[in-house]
>>> print(open('input_19.cif').read())   # mmCIF, C-alpha atoms and all ligand atoms
data_work
#
loop_
_atom_site.label_atom_id
_atom_site.label_comp_id
_atom_site.auth_asym_id
_atom_site.auth_seq_id
_atom_site.Cartn_x
_atom_site.Cartn_y
_atom_site.Cartn_z
CA MET C 1 0.00 0.00 0.00
CA HIS C 2 2.80 2.31 0.91
CA THR C 3 4.71 1.66 -2.33
CA PHE C 4 1.58 2.08 -4.38
CA GLY C 5 0.97 5.40 -2.70
CA SER C 6 4.43 6.72 -3.44
CA LYS C 7 4.32 5.50 -7.05
CA LEU C 8 1.06 7.33 -7.47
CA ALA C 9 2.53 10.45 -5.92
CA ALA C 10 5.56 10.25 -8.22
CA GLY C 11 3.26 9.80 -11.19
CA ILE C 12 1.22 12.84 -10.32
CA LEU C 13 4.38 14.82 -9.74
CA THR C 14 5.77 13.84 -13.14
CA LEU C 15 2.51 14.72 -14.81
CA GLY C 16 2.43 18.11 -13.11
CA LEU C 17 6.01 18.78 -14.12
CA CYS C 18 5.31 17.98 -17.77
CA VAL C 19 2.28 20.23 -17.86
CA SER C 20 4.10 23.17 -16.33
CA VAL C 21 7.13 22.73 -18.59
CA ALA C 22 4.86 22.61 -21.65
CA SER C 23 3.03 25.80 -20.73
CA ALA C 24 6.03 27.81 -19.55
CA GLY C 25 8.77 26.74 -21.93
CA GLU C 26 7.38 26.13 -25.37
CA PRO C 27 5.38 28.83 -27.09
CA ASP C 28 3.17 27.42 -29.84
CA LYS C 29 4.57 27.29 -33.37
CA LYS C 30 2.22 29.93 -34.69
CA THR C 31 3.40 32.46 -32.11
CA VAL C 32 7.03 31.66 -32.86
CA ARG C 33 6.28 32.20 -36.56
CA THR C 34 4.63 35.55 -35.83
CA TRP C 35 7.61 36.61 -33.72
CA LYS C 36 10.05 35.68 -36.48
CA ALA C 37 7.97 37.32 -39.21
CA LYS C 38 6.92 40.54 -37.48
CA CYS C 39 9.29 41.16 -34.58
CA ALA C 40 12.65 39.49 -35.10
CA SER C 41 13.85 41.95 -37.77
CA CYS C 42 14.40 44.38 -34.89
CA HIS C 43 14.41 42.24 -31.74
CA GLY C 44 16.25 39.23 -33.19
CA ASN C 45 15.01 35.64 -33.12
CA ASP C 46 16.49 35.28 -29.65
CA GLY C 47 15.15 38.64 -28.40
CA LYS C 48 18.59 40.08 -27.70
CA GLY C 49 18.04 42.99 -30.09
CA ASP C 50 21.33 42.09 -31.73
CA THR C 51 20.22 43.19 -35.20
CA GLU C 52 21.10 46.11 -37.43
CA LYS C 53 17.93 47.98 -36.46
CA GLY C 54 18.21 46.83 -32.87
CA LYS C 55 21.67 48.34 -32.53
CA LYS C 56 20.69 51.54 -34.29
CA MET C 57 17.71 52.02 -32.00
CA GLY C 58 19.34 50.80 -28.81
CA ILE C 59 16.88 47.96 -28.29
CA HIS C 60 17.33 46.20 -24.98
CA ASP C 61 18.38 42.60 -24.55
CA TYR C 62 15.08 41.03 -23.50
CA THR C 63 16.73 37.87 -22.19
CA THR C 64 18.18 39.63 -19.14
CA ALA C 65 16.61 39.28 -15.71
CA ALA C 66 16.92 43.05 -15.24
CA TRP C 67 14.89 43.89 -18.33
CA GLN C 68 12.34 41.21 -17.52
CA SER C 69 11.76 42.53 -14.01
CA ASP C 70 11.68 46.19 -15.14
CA THR C 71 9.07 45.53 -17.80
CA THR C 72 5.50 44.77 -16.86
CA ASP C 73 3.07 42.82 -19.04
CA ALA C 74 1.00 46.00 -19.29
CA LYS C 75 3.98 47.92 -20.69
CA MET C 76 4.59 45.16 -23.23
CA LYS C 77 0.96 45.14 -24.26
CA GLU C 78 0.97 48.90 -24.67
CA ALA C 79 4.07 48.74 -26.90
CA ILE C 80 2.81 45.87 -29.05
CA GLN C 81 -0.66 47.33 -29.53
CA ASN C 82 0.12 51.02 -29.81
CA GLY C 83 3.73 51.00 -30.89
CA VAL C 84 6.74 52.84 -29.54
CA LYS C 85 7.92 56.29 -30.53
CA ARG C 86 10.48 57.78 -28.21
CA GLU C 87 14.08 58.78 -27.89
CA ARG C 88 16.54 57.22 -25.48
CA ASP C 89 20.22 58.13 -25.17
CA GLY C 90 19.98 60.12 -28.40
CA LYS C 91 18.60 57.15 -30.30
CA LYS C 92 15.24 57.25 -32.01
CA GLN C 93 13.23 54.20 -31.01
CA GLU C 94 10.33 53.30 -33.24
CA MET C 95 8.05 50.31 -33.38
CA ASP C 96 4.84 50.14 -35.38
CA PRO C 97 1.54 49.56 -33.58
CA PHE C 98 0.23 46.05 -34.14
CA LYS C 99 -3.30 46.41 -32.82
CA ASP C 100 -4.87 46.17 -36.26
CA LYS C 101 -2.65 43.26 -37.26
CA LEU C 102 -2.79 41.04 -34.19
CA LYS C 103 -5.76 39.77 -32.22
CA PRO C 104 -5.72 40.31 -28.43
CA ASP C 105 -4.94 36.62 -27.82
CA GLU C 106 -2.05 36.80 -30.28
CA VAL C 107 -0.69 39.80 -28.38
CA ASP C 108 -0.98 37.86 -25.11
CA ALA C 109 0.80 34.87 -26.67
CA LEU C 110 3.64 37.15 -27.81
CA ILE C 111 3.96 38.62 -24.32
CA ALA C 112 4.27 35.05 -23.00
CA LEU C 113 6.89 34.32 -25.66
CA VAL C 114 8.90 37.39 -24.65
CA ARG C 115 8.68 36.26 -21.00
CA GLY C 116 10.04 32.91 -22.09
CA LEU C 117 13.13 34.54 -23.62
CA LYS C 118 14.54 35.06 -20.14
CA LYS C 119 17.81 33.23 -19.67
C1 LIG Z 201 10.92 48.29 -36.50
C2 LIG Z 201 11.53 47.58 -35.39
C3 LIG Z 201 10.62 46.83 -34.44
C4 LIG Z 201 9.75 45.80 -34.73
C5 LIG Z 201 9.47 45.17 -36.08
C6 LIG Z 201 9.17 45.39 -33.46
N1 LIG Z 201 9.68 46.15 -32.44
FE1 LIG Z 201 9.27 45.93 -30.47
N2 LIG Z 201 10.41 47.55 -30.03
C7 LIG Z 201 11.15 48.25 -30.96
C8 LIG Z 201 11.86 49.32 -30.26
C9 LIG Z 201 12.81 50.32 -30.90
C10 LIG Z 201 11.49 49.22 -28.90
C11 LIG Z 201 11.99 50.06 -27.73
C12 LIG Z 201 13.40 49.60 -27.45
C13 LIG Z 201 13.73 49.18 -26.07
O1 LIG Z 201 13.61 50.03 -25.16
O2 LIG Z 201 14.10 48.01 -25.86
C14 LIG Z 201 10.59 48.08 -28.79
C15 LIG Z 201 10.04 47.65 -27.62
C16 LIG Z 201 9.33 46.48 -27.47
C17 LIG Z 201 8.90 45.95 -26.22
C18 LIG Z 201 9.18 46.55 -24.85
C19 LIG Z 201 8.21 47.64 -24.53
C20 LIG Z 201 8.83 48.80 -23.84
O3 LIG Z 201 8.06 49.72 -23.49
O4 LIG Z 201 10.06 48.86 -23.66
C21 LIG Z 201 8.24 44.78 -26.49
C22 LIG Z 201 7.61 43.82 -25.48
C23 LIG Z 201 8.25 44.62 -27.91
N3 LIG Z 201 8.92 45.67 -28.48
C24 LIG Z 201 7.68 43.56 -28.57
C25 LIG Z 201 7.58 43.47 -29.95
C26 LIG Z 201 6.81 42.46 -30.64
C27 LIG Z 201 6.02 41.36 -29.95
C28 LIG Z 201 6.94 42.71 -31.97
C29 LIG Z 201 6.27 41.96 -33.11
C30 LIG Z 201 4.83 41.87 -33.10
C31 LIG Z 201 7.83 43.85 -32.12
N4 LIG Z 201 8.18 44.28 -30.87
C32 LIG Z 201 8.24 44.38 -33.32
C33 LIG Z 201 11.26 48.01 -32.31
C34 LIG Z 201 10.55 47.04 -33.00
#
>>> encode(input="input_19.cif", output="structure tokens")
Amino acid sequence: MHTFGSKLAAGILTLGLCVSVASAGEPDKKTVRTWKAKCASCHGNDGKGDTEKGKKMGIHDYTTAAWQSDTTDAKMKEAIQNGVKRERDGKKQEMDPFKDKLKPDEVDALIALVRGLKK
């Protein structure tokens, strides 16, 4: 009885682990495609902003813990939906608004993807 109980517990634990890994680690393919098609030209596939435009505009490295903790989901949503137009350290930063191009759930999925870029 005791062994059965612990096997069951281990099974449930494994199941729980798989579910949480699947939801936290792997964004769905469609979202990855959207990121690569619409965002990576500036932010890079890996989100480090290590692209020609990224360097020119001083785009942050979104894989760092510092950027991740400084940036709220609300701020991300605002940028993705309404775009960015500002100047930082003498660099013009511009990102088009995507609210007419992406549905709200696609925006949420992209926010989750960006969260998942964290090292
Ligand atoms: C034309 C280049 C360009 C494209 C394409 C682009 N961005 Fe940006 N994005 C920027 C710039 C510039 C910033 C501000 C730079 C910074 O502070 O890191 C920014 C900022 C952000 C931020 C942080 C918001 C903030 O207030 O700092 C997020 C999140 C983001 N972009 C997501 C996306 C997503 C998702 C896409 C694709 C749907 C995308 N970006 C496409 C240029 C771009």
>>> closest_residue(input="input_19.cif", among="C:Glu78, C:Asp50, C:Asp100, C:Asp105", to="ligand LIG 201 (chain Z)", atoms="only C-alpha atoms and all ligand atoms")
C:Glu78
>>> atom_distance(input="input_19.cif", atom1="CA of Lys36 in chain C", atom2="CA of Gly90 in chain C")
27.6 Å
>>> closest_residue(input="input_19.cif", among="C:Thr31, C:Glu26, C:Cys42, C:Asp61", to="Leu102 in chain C", atoms="only C-alpha atoms")
C:Thr31
>>> atom_distance(input="input_19.cif", atom1="CA of Lys29 in chain C", atom2="CA of Lys119 in chain C")
20.0 Å
>>> atom_distance(input="input_19.cif", atom1="CA of Lys99 in chain C", atom2="CA of Arg115 in chain C")
19.7 Å
>>> residues_near_ligand(input="input_19.cif", ligand="ligand LIG 201 (chain Z)", cutoff="8 Å", atoms="only C-alpha atoms and all ligand atoms", output="MDAnalysis selection string")
chainID C and resid 34:35 37:43 49 53:54 57:62 71 73 75:80 83:86 88 92:96 98 102 107 110:111 114
>>> closest_residue(input="input_19.cif", among="C:Lys101, C:Glu106, C:Lys118, C:Lys55", to="Lys30 in chain C", atoms="all atoms listed in the file")
C:Glu106
>>> closest_residue(input="input_19.cif", among="C:Asp46, C:Glu87, C:Ala112, C:Glu52", to="Thr72 in chain C", atoms="all atoms listed in the file")
C:Ala112
>>> closest_residue(input="input_19.cif", among="C:Thr63, C:Val32, C:Lys103, C:Gly116", to="Gly47 in chain C", atoms="only C-alpha atoms")
C:Thr63
>>> build_atoms(input="input_19.cif", residues="range 33-52 of chain C", atoms="N, CA and C atoms", output="PDB file, in the coordinates of the input")
ATOM      1  N   ARG C  33       6.265  31.712 -35.180  1.00  0.00           N
ATOM      2  CA  ARG C  33       6.280  32.200 -36.560  1.00  0.00           C
ATOM      3  C   ARG C  33       5.980  33.695 -36.625  1.00  0.00           C
ATOM      4  N   THR C  34       4.983  34.126 -35.858  1.00  0.00           N
ATOM      5  CA  THR C  34       4.630  35.550 -35.830  1.00  0.00           C
ATOM      6  C   THR C  34       5.820  36.377 -35.344  1.00  0.00           C
ATOM      7  N   TRP C  35       6.444  35.903 -34.272  1.00  0.00           N
ATOM      8  CA  TRP C  35       7.610  36.610 -33.720  1.00  0.00           C
ATOM      9  C   TRP C  35       8.691  36.743 -34.785  1.00  0.00           C
ATOM     10  N   LYS C  36       8.983  35.640 -35.478  1.00  0.00           N
ATOM     11  CA  LYS C  36      10.050  35.680 -36.480  1.00  0.00           C
ATOM     12  C   LYS C  36       9.682  36.576 -37.658  1.00  0.00           C
ATOM     13  N   ALA C  37       8.395  36.559 -38.035  1.00  0.00           N
ATOM     14  CA  ALA C  37       7.970  37.320 -39.210  1.00  0.00           C
ATOM     15  C   ALA C  37       7.831  38.812 -38.898  1.00  0.00           C
ATOM     16  N   LYS C  38       7.288  39.149 -37.732  1.00  0.00           N
ATOM     17  CA  LYS C  38       6.920  40.540 -37.480  1.00  0.00           C
ATOM     18  C   LYS C  38       7.815  41.259 -36.469  1.00  0.00           C
ATOM     19  N   CYS C  39       8.578  40.530 -35.697  1.00  0.00           N
ATOM     20  CA  CYS C  39       9.290  41.160 -34.580  1.00  0.00           C
ATOM     21  C   CYS C  39      10.803  40.979 -34.648  1.00  0.00           C
ATOM     22  N   ALA C  40      11.233  39.842 -35.197  1.00  0.00           N
ATOM     23  CA  ALA C  40      12.650  39.490 -35.100  1.00  0.00           C
ATOM     24  C   ALA C  40      13.552  40.391 -35.943  1.00  0.00           C
ATOM     25  N   SER C  41      12.997  41.096 -36.952  1.00  0.00           N
ATOM     26  CA  SER C  41      13.850  41.950 -37.770  1.00  0.00           C
ATOM     27  C   SER C  41      14.488  43.028 -36.891  1.00  0.00           C
ATOM     28  N   CYS C  42      13.825  43.409 -35.827  1.00  0.00           N
ATOM     29  CA  CYS C  42      14.400  44.380 -34.890  1.00  0.00           C
ATOM     30  C   CYS C  42      14.905  43.696 -33.619  1.00  0.00           C
ATOM     31  N   HIS C  43      14.077  42.817 -33.055  1.00  0.00           N
ATOM     32  CA  HIS C  43      14.410  42.240 -31.740  1.00  0.00           C
ATOM     33  C   HIS C  43      15.323  41.024 -31.831  1.00  0.00           C
ATOM     34  N   GLY C  44      15.462  40.455 -33.038  1.00  0.00           N
ATOM     35  CA  GLY C  44      16.250  39.230 -33.190  1.00  0.00           C
ATOM     36  C   GLY C  44      15.431  38.011 -32.818  1.00  0.00           C
ATOM     37  N   ASN C  45      15.734  36.875 -33.446  1.00  0.00           N
ATOM     38  CA  ASN C  45      15.010  35.640 -33.120  1.00  0.00           C
ATOM     39  C   ASN C  45      15.107  35.319 -31.641  1.00  0.00           C
ATOM     40  N   ASP C  46      16.261  35.614 -31.059  1.00  0.00           N
ATOM     41  CA  ASP C  46      16.490  35.280 -29.650  1.00  0.00           C
ATOM     42  C   ASP C  46      16.110  36.410 -28.699  1.00  0.00           C
ATOM     43  N   GLY C  47      15.618  37.545 -29.253  1.00  0.00           N
ATOM     44  CA  GLY C  47      15.150  38.640 -28.400  1.00  0.00           C
ATOM     45  C   GLY C  47      16.254  39.496 -27.804  1.00  0.00           C
ATOM     46  N   LYS C  48      17.482  39.301 -28.283  1.00  0.00           N
ATOM     47  CA  LYS C  48      18.590  40.080 -27.700  1.00  0.00           C
ATOM     48  C   LYS C  48      18.730  41.456 -28.348  1.00  0.00           C
ATOM     49  N   GLY C  49      17.969  41.692 -29.416  1.00  0.00           N
ATOM     50  CA  GLY C  49      18.040  42.990 -30.090  1.00  0.00           C
ATOM     51  C   GLY C  49      19.361  43.172 -30.824  1.00  0.00           C
ATOM     52  N   ASP C  50      20.017  42.049 -31.098  1.00  0.00           N
ATOM     53  CA  ASP C  50      21.330  42.090 -31.730  1.00  0.00           C
ATOM     54  C   ASP C  50      21.183  42.085 -33.257  1.00  0.00           C
ATOM     55  N   THR C  51      20.461  43.078 -33.765  1.00  0.00           N
ATOM     56  CA  THR C  51      20.220  43.190 -35.200  1.00  0.00           C
ATOM     57  C   THR C  51      20.661  44.583 -35.623  1.00  0.00           C
ATOM     58  N   GLU C  52      20.684  44.804 -36.941  1.00  0.00           N
ATOM     59  CA  GLU C  52      21.100  46.110 -37.430  1.00  0.00           C
ATOM     60  C   GLU C  52      20.201  47.210 -36.845  1.00  0.00           C
TER      61      GLU C  52
END
